[in-house]
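Beneath this line is the structure, given in structure tokens, with notes to follow.
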Protein chains: 2
Amino acid sequence: MSTKQSTNQLPILQLDEKDMAILKLLQIDGKMTIRDIASKLNLSTTPVYERIKKMEQAEVIKQYAAIVDPKKINKGLTVLCYITLKEHSKKYGKKFIQEILGFTEVTECLNISGEFDFMIKVQVKDMDEYREFYVNKLGELDNLSHTQSIFVISVIKTTHQVVF
Amino acid sequence: MSTKQSTNQLPILQLDEKDMAILKLLQIDGKMTIRDIASKLNLSTTPVYERIKKMEQAEVIKQYAAIVDPKKINKGLTVLCYITLKEHSKKYGKKFIQEILGFTEVTECLNISGEFDFMIKVQVKDMDEYREFYVNKLGELDNLSHTQSIFVISVIKTTHQVVF
DNA sequence: TATTTTTTAGAACAAATGTCTGTTTTTTAT
DNA sequence: ATAAAAAACAGACATTTGTTCTAAAAAATA
């Protein structure tokens, strides 16, 4: 029998140095024009155009996005919240995940090794807003065993760049 | 006496619902055109144009970027590495930070509360590459007290969106 | 209510953009 | 060395883009 596959089945690209060079530039400036990229890499527009299209279709480039500064929109407090579940069955794990995905405060959710099952990153205005989240949203979930909140004192570095 | 201020002194914007609506759209599609945004928000191009420019200058919008899928470029292993320093003086902290910022594998570095001083997120291909990083880069720093590596089993959610 | 100030509408322009076609160069395989 | 295949070049086109201007509307102030 075949089960539903959540892993997307897209052409696996073998990227060369030119592809990587393009990605490197677009990671820093997603609005960079094909001509500018071409001239910076000593190429013509055609190969740059085709390579970008190829990487977009293969979802190497997942999206183009404006990166907003959380501090500037009153979301300057970051909290890492570690969570262990009571029930670890697949069923209960999925339920937890679905509920977590519904919380807009949660900007990241990782299933991790070690003492805890999950780490979620919570982005809020201040401690009041975090308490509100912790008590009325996270606290309402019925599968939690225990949690631990670690507060971010300062953000030294944060980037989406993975190509160098 | 005045000391060097690292905190950027930019006009603090009071954003209204229209600004937030624009940010919301640009976070999802940074290449969205001013006309498209305008029509979606039932506005003309002028206010949209001026509001975006204003938010760019105030660095509410930090940048436009292409978001690359780490898995697709052979950086599919994420490790959270927790670090405590031996010396906590300002001088030694700065040295540590400077060295960490030089490691391209580190996509995030947070100064945190609790047992450890820092959490760094390390993005690598596989365990071999992590060991290489752990031994030859992190291990070469001379101010480390102790560390703990937590491995990401699966990424449930990850986003840069902070406006909803 | 009257008046000033701020914001938006609507249209228009020049410049820049993605996209395509045919040709040339480079690479690969025989 | 030669043929075949793949990649890059160069240039051109239609469209769309950011941007600006003037007038109108809306909001804020007195």
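Residue numbering restarts at 1 for every chain of the structure tokens, chains are lettered A, B, ... in their displayed order, and ligands are numbered from 1 as they appear.
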
Mind running stretch 111-143 of chain B against stretch 59-81 of chain B at 7 Å and telling me each contacting residue's nearest atom pair with the distance in Å (one decimal), counting only C-alpha atoms, chain and number ascending, as CSV?
residue,atom,partner,partner_atom,distance
B:Met119,CA,B:Cys81,CA,5.7
B:Ile120,CA,B:Cys81,CA,5.2
B:Lys121,CA,B:Leu80,CA,4.7
B:Val122,CA,B:Val79,CA,5.1
B:Gln123,CA,B:Thr78,CA,4.8
B:Val124,CA,B:Lys75,CA,4.5
B:Lys125,CA,B:Lys75,CA,4.1
B:Asp126,CA,B:Leu77,CA,5.5

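Using only C-alpha atoms (C1' of nucleotides), one finds that the residues of chain C close to chain A, at 9 Å or less, are DT17, DG18 and DT19 of chain C.
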
Requested write-out: all heavy atoms of the selected residues, as a PDB file, in the first residue's frame:
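Generated output (out_12.pdb):
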ATOM      1  P    DT C  17      16.107  47.433 -13.897  1.00  0.00           P
ATOM      2  OP1  DT C  17      16.342  47.391 -12.447  1.00  0.00           O
ATOM      3  OP2  DT C  17      17.224  47.411 -14.863  1.00  0.00           O
ATOM      4  O5'  DT C  17      15.103  46.269 -14.251  1.00  0.00           O
ATOM      5  C5'  DT C  17      13.750  46.351 -13.783  1.00  0.00           C
ATOM      6  C4'  DT C  17      12.924  45.349 -14.545  1.00  0.00           C
ATOM      7  O4'  DT C  17      12.571  45.910 -15.829  1.00  0.00           O
ATOM      8  C3'  DT C  17      13.682  44.072 -14.857  1.00  0.00           C
ATOM      9  O3'  DT C  17      13.287  43.053 -13.952  1.00  0.00           O
ATOM     10  C2'  DT C  17      13.304  43.716 -16.289  1.00  0.00           C
ATOM     11  C1'  DT C  17      12.423  44.852 -16.751  1.00  0.00           C
ATOM     12  N1   DT C  17      12.825  45.376 -18.093  1.00  0.00           N
ATOM     13  C2   DT C  17      11.927  45.297 -19.135  1.00  0.00           C
ATOM     14  O2   DT C  17      10.811  44.825 -19.011  1.00  0.00           O
ATOM     15  N3   DT C  17      12.382  45.795 -20.335  1.00  0.00           N
ATOM     16  C4   DT C  17      13.626  46.349 -20.588  1.00  0.00           C
ATOM     17  O4   DT C  17      13.929  46.759 -21.701  1.00  0.00           O
ATOM     18  C5   DT C  17      14.517  46.388 -19.452  1.00  0.00           C
ATOM     19  C7   DT C  17      15.896  46.953 -19.626  1.00  0.00           C
ATOM     20  C6   DT C  17      14.077  45.908 -18.281  1.00  0.00           C
ATOM     21  P    DG C  18      14.087  41.639 -14.044  1.00  0.00           P
ATOM     22  OP1  DG C  18      14.059  41.078 -12.674  1.00  0.00           O
ATOM     23  OP2  DG C  18      15.366  41.832 -14.731  1.00  0.00           O
ATOM     24  O5'  DG C  18      13.134  40.762 -14.967  1.00  0.00           O
ATOM     25  C5'  DG C  18      11.791  40.571 -14.571  1.00  0.00           C
ATOM     26  C4'  DG C  18      10.960  40.041 -15.723  1.00  0.00           C
ATOM     27  O4'  DG C  18      11.167  40.855 -16.896  1.00  0.00           O
ATOM     28  C3'  DG C  18      11.293  38.610 -16.137  1.00  0.00           C
ATOM     29  O3'  DG C  18      10.070  37.935 -16.457  1.00  0.00           O
ATOM     30  C2'  DG C  18      12.172  38.792 -17.368  1.00  0.00           C
ATOM     31  C1'  DG C  18      11.602  40.055 -17.979  1.00  0.00           C
ATOM     32  N9   DG C  18      12.569  40.858 -18.735  1.00  0.00           N
ATOM     33  C8   DG C  18      13.805  41.272 -18.321  1.00  0.00           C
ATOM     34  N7   DG C  18      14.443  41.985 -19.214  1.00  0.00           N
ATOM     35  C5   DG C  18      13.569  42.047 -20.282  1.00  0.00           C
ATOM     36  C6   DG C  18      13.720  42.689 -21.546  1.00  0.00           C
ATOM     37  O6   DG C  18      14.665  43.346 -21.978  1.00  0.00           O
ATOM     38  N1   DG C  18      12.596  42.496 -22.350  1.00  0.00           N
ATOM     39  C2   DG C  18      11.469  41.783 -21.982  1.00  0.00           C
ATOM     40  N2   DG C  18      10.497  41.716 -22.879  1.00  0.00           N
ATOM     41  N3   DG C  18      11.326  41.189 -20.803  1.00  0.00           N
ATOM     42  C4   DG C  18      12.412  41.356 -20.010  1.00  0.00           C
ATOM     43  P    DT C  19      10.116  36.382 -16.793  1.00  0.00           P
ATOM     44  OP1  DT C  19       8.768  35.838 -16.497  1.00  0.00           O
ATOM     45  OP2  DT C  19      11.310  35.802 -16.165  1.00  0.00           O
ATOM     46  O5'  DT C  19      10.313  36.382 -18.368  1.00  0.00           O
ATOM     47  C5'  DT C  19       9.303  36.969 -19.173  1.00  0.00           C
ATOM     48  C4'  DT C  19       9.717  36.939 -20.626  1.00  0.00           C
ATOM     49  O4'  DT C  19      10.786  37.884 -20.860  1.00  0.00           O
ATOM     50  C3'  DT C  19      10.242  35.582 -21.117  1.00  0.00           C
ATOM     51  O3'  DT C  19       9.344  35.085 -22.094  1.00  0.00           O
ATOM     52  C2'  DT C  19      11.630  35.879 -21.684  1.00  0.00           C
ATOM     53  C1'  DT C  19      11.570  37.382 -21.909  1.00  0.00           C
ATOM     54  N1   DT C  19      12.873  38.092 -21.878  1.00  0.00           N
ATOM     55  C2   DT C  19      13.236  38.876 -22.950  1.00  0.00           C
ATOM     56  O2   DT C  19      12.530  39.006 -23.937  1.00  0.00           O
ATOM     57  N3   DT C  19      14.458  39.490 -22.829  1.00  0.00           N
ATOM     58  C4   DT C  19      15.331  39.405 -21.759  1.00  0.00           C
ATOM     59  O4   DT C  19      16.392  40.009 -21.775  1.00  0.00           O
ATOM     60  C5   DT C  19      14.889  38.580 -20.671  1.00  0.00           C
ATOM     61  C7   DT C  19      15.758  38.415 -19.464  1.00  0.00           C
ATOM     62  C6   DT C  19      13.695  37.969 -20.775  1.00  0.00           C
TER      63       DT C  19
END

Taking the DSSP assignment computed from this structure's backbone, write out as a PDB file with C-alpha atoms, in the first residue's frame all residues of stretch 34-147 of chain B that belong to alpha helix (DSSP H).
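Done, and the output landed in selection_6.pdb:
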ATOM      1  CA  ILE B  34       2.973  48.657  -5.879  1.00  0.00           C
ATOM      2  CA  ARG B  35      -0.037  48.502  -8.156  1.00  0.00           C
ATOM      3  CA  ASP B  36      -0.962  45.018  -6.991  1.00  0.00           C
ATOM      4  CA  ILE B  37      -0.662  45.983  -3.360  1.00  0.00           C
ATOM      5  CA  ALA B  38      -2.719  49.100  -4.002  1.00  0.00           C
ATOM      6  CA  SER B  39      -5.536  47.230  -5.692  1.00  0.00           C
ATOM      7  CA  LYS B  40      -5.571  44.565  -2.996  1.00  0.00           C
ATOM      8  CA  THR B  45      -0.406  53.804  -5.868  1.00  0.00           C
ATOM      9  CA  THR B  46       0.655  57.032  -4.192  1.00  0.00           C
ATOM     10  CA  PRO B  47      -0.020  56.126  -0.554  1.00  0.00           C
ATOM     11  CA  VAL B  48       1.359  52.640  -1.035  1.00  0.00           C
ATOM     12  CA  TYR B  49       4.492  53.992  -2.646  1.00  0.00           C
ATOM     13  CA  GLU B  50       5.069  56.584   0.049  1.00  0.00           C
ATOM     14  CA  ARG B  51       4.402  54.213   2.906  1.00  0.00           C
ATOM     15  CA  ILE B  52       6.796  51.595   1.564  1.00  0.00           C
ATOM     16  CA  LYS B  53       9.521  54.187   1.024  1.00  0.00           C
ATOM     17  CA  LYS B  54       8.970  55.475   4.529  1.00  0.00           C
ATOM     18  CA  MET B  55       9.245  51.990   6.033  1.00  0.00           C
ATOM     19  CA  GLU B  56      12.329  51.205   4.001  1.00  0.00           C
ATOM     20  CA  GLN B  57      14.076  54.354   5.177  1.00  0.00           C
ATOM     21  CA  LYS B  90      32.623  42.630  28.242  1.00  0.00           C
ATOM     22  CA  LYS B  91      35.971  42.324  26.523  1.00  0.00           C
ATOM     23  CA  TYR B  92      35.911  38.547  26.249  1.00  0.00           C
ATOM     24  CA  GLY B  93      32.262  38.517  25.263  1.00  0.00           C
ATOM     25  CA  LYS B  94      32.977  40.812  22.351  1.00  0.00           C
ATOM     26  CA  LYS B  95      35.851  38.651  21.207  1.00  0.00           C
ATOM     27  CA  PHE B  96      33.634  35.573  21.240  1.00  0.00           C
ATOM     28  CA  ILE B  97      30.943  37.370  19.288  1.00  0.00           C
ATOM     29  CA  GLN B  98      33.376  38.556  16.652  1.00  0.00           C
ATOM     30  CA  GLU B  99      34.673  35.069  16.148  1.00  0.00           C
ATOM     31  CA  ILE B 100      31.206  33.561  15.976  1.00  0.00           C
ATOM     32  CA  LEU B 101      30.102  36.124  13.398  1.00  0.00           C
ATOM     33  CA  MET B 127      27.114  15.004  10.936  1.00  0.00           C
ATOM     34  CA  ASP B 128      30.570  14.928   9.395  1.00  0.00           C
ATOM     35  CA  GLU B 129      30.341  18.583   8.542  1.00  0.00           C
ATOM     36  CA  TYR B 130      29.064  19.370  12.011  1.00  0.00           C
ATOM     37  CA  ARG B 131      31.947  17.568  13.636  1.00  0.00           C
ATOM     38  CA  GLU B 132      34.306  19.488  11.409  1.00  0.00           C
ATOM     39  CA  PHE B 133      32.716  22.711  12.610  1.00  0.00           C
ATOM     40  CA  TYR B 134      32.542  21.658  16.225  1.00  0.00           C
ATOM     41  CA  VAL B 135      36.128  20.487  16.462  1.00  0.00           C
ATOM     42  CA  ASN B 136      38.025  22.813  14.182  1.00  0.00           C
TER      43      ASN B 136
END

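What chain D places within 9 Å of chain A, counting only C-alpha atoms (C1' of nucleotides), is DA7, DA8, DC9 and DA10 of chain D.
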
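For B:Leu23, the residues within 8 Å (counting only C-alpha atoms (C1' of nucleotides), excluding itself and residues fewer than 2 positions away along the chain) are Ala66 and Val68 of chain A; Asp19, Met20, Ala21, Leu25, Leu26, Gln27 and Val163 of chain B.
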
Calculated over only C-alpha atoms, which of the candidates B:Asn42, B:Asn143, B:Thr84, B:Gln14 has the smallest distance to chain A? B:Gln14

Under the rule that only C-alpha atoms are counted, which of A:Phe164, A:Phe118, A:Glu105, A:Thr159 is the nearest residue to A:Lys137? A:Glu105

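Considering only C-alpha atoms, the residue among A:Asp29, A:Glu140, A:Ala58, A:Leu85 positioned nearest to chain B is A:Asp29.
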
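Residues in contact with A:Val155 at up to 9 Å, not including ones fewer than 3 positions away on its chain and judged by only C-alpha atoms (C1' of nucleotides), are Thr78, Val152 and Thr158 of chain A; Glu108, Cys109, Leu110, Asn111 and Ile112 of chain B.
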
Can you tell me which residues surround D:DA28 at a distance of at most 12 Å, considering only C-alpha atoms (C1' of nucleotides), apart from same-chain residues fewer than 2 positions away, and format the answer as a ChimeraX atom specification? /C:3-7 /D:26,30

Quick one: everything within 12 Å of C:DA14, counting only C-alpha atoms (C1' of nucleotides), minus sequence neighbours fewer than 4 positions away in the same chain. Send it as a ChimeraX atom specification. /D:17-20

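For the set A:His88, A:Lys31, A:Leu138, A:Lys18, the residue with the smallest atom-to-atom gap to chain B is A:Lys31, counting only C-alpha atoms.
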
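Across stretch 32-115 of chain A, DSSP run on the backbone finds strand (DSSP E or B) at Ile61, Lys62, Gln63, Tyr64, Ala65, Ala66, Ile67, Val68, Leu77, Thr78, Val79, Leu80, Cys81, Tyr82, Ile83, Thr84, Leu85, Val106, Thr107, Glu108, Cys109, Leu110, Asn111 and Ile112 of chain A.
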
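Distance annotation: of B:Ile150, B:Leu144, B:Ile28, B:Ile156, the residue with the minimal separation from B:Ile83 is B:Leu144; atom set is only C-alpha atoms.
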
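Comparing the minimum interatomic distances between chain A and each of B:Ser89, B:Ser113, B:Leu141, B:His146, counting only C-alpha atoms, we find that B:Ser113 sits nearest.
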
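The spacing separating atom C1' of C:DC20 from atom C1' of D:DC13 amounts to 8.7 Å.
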
In Å to one decimal, how far is atom CA of A:Gly114 from atom CA of B:Glu87? 26.9 Å
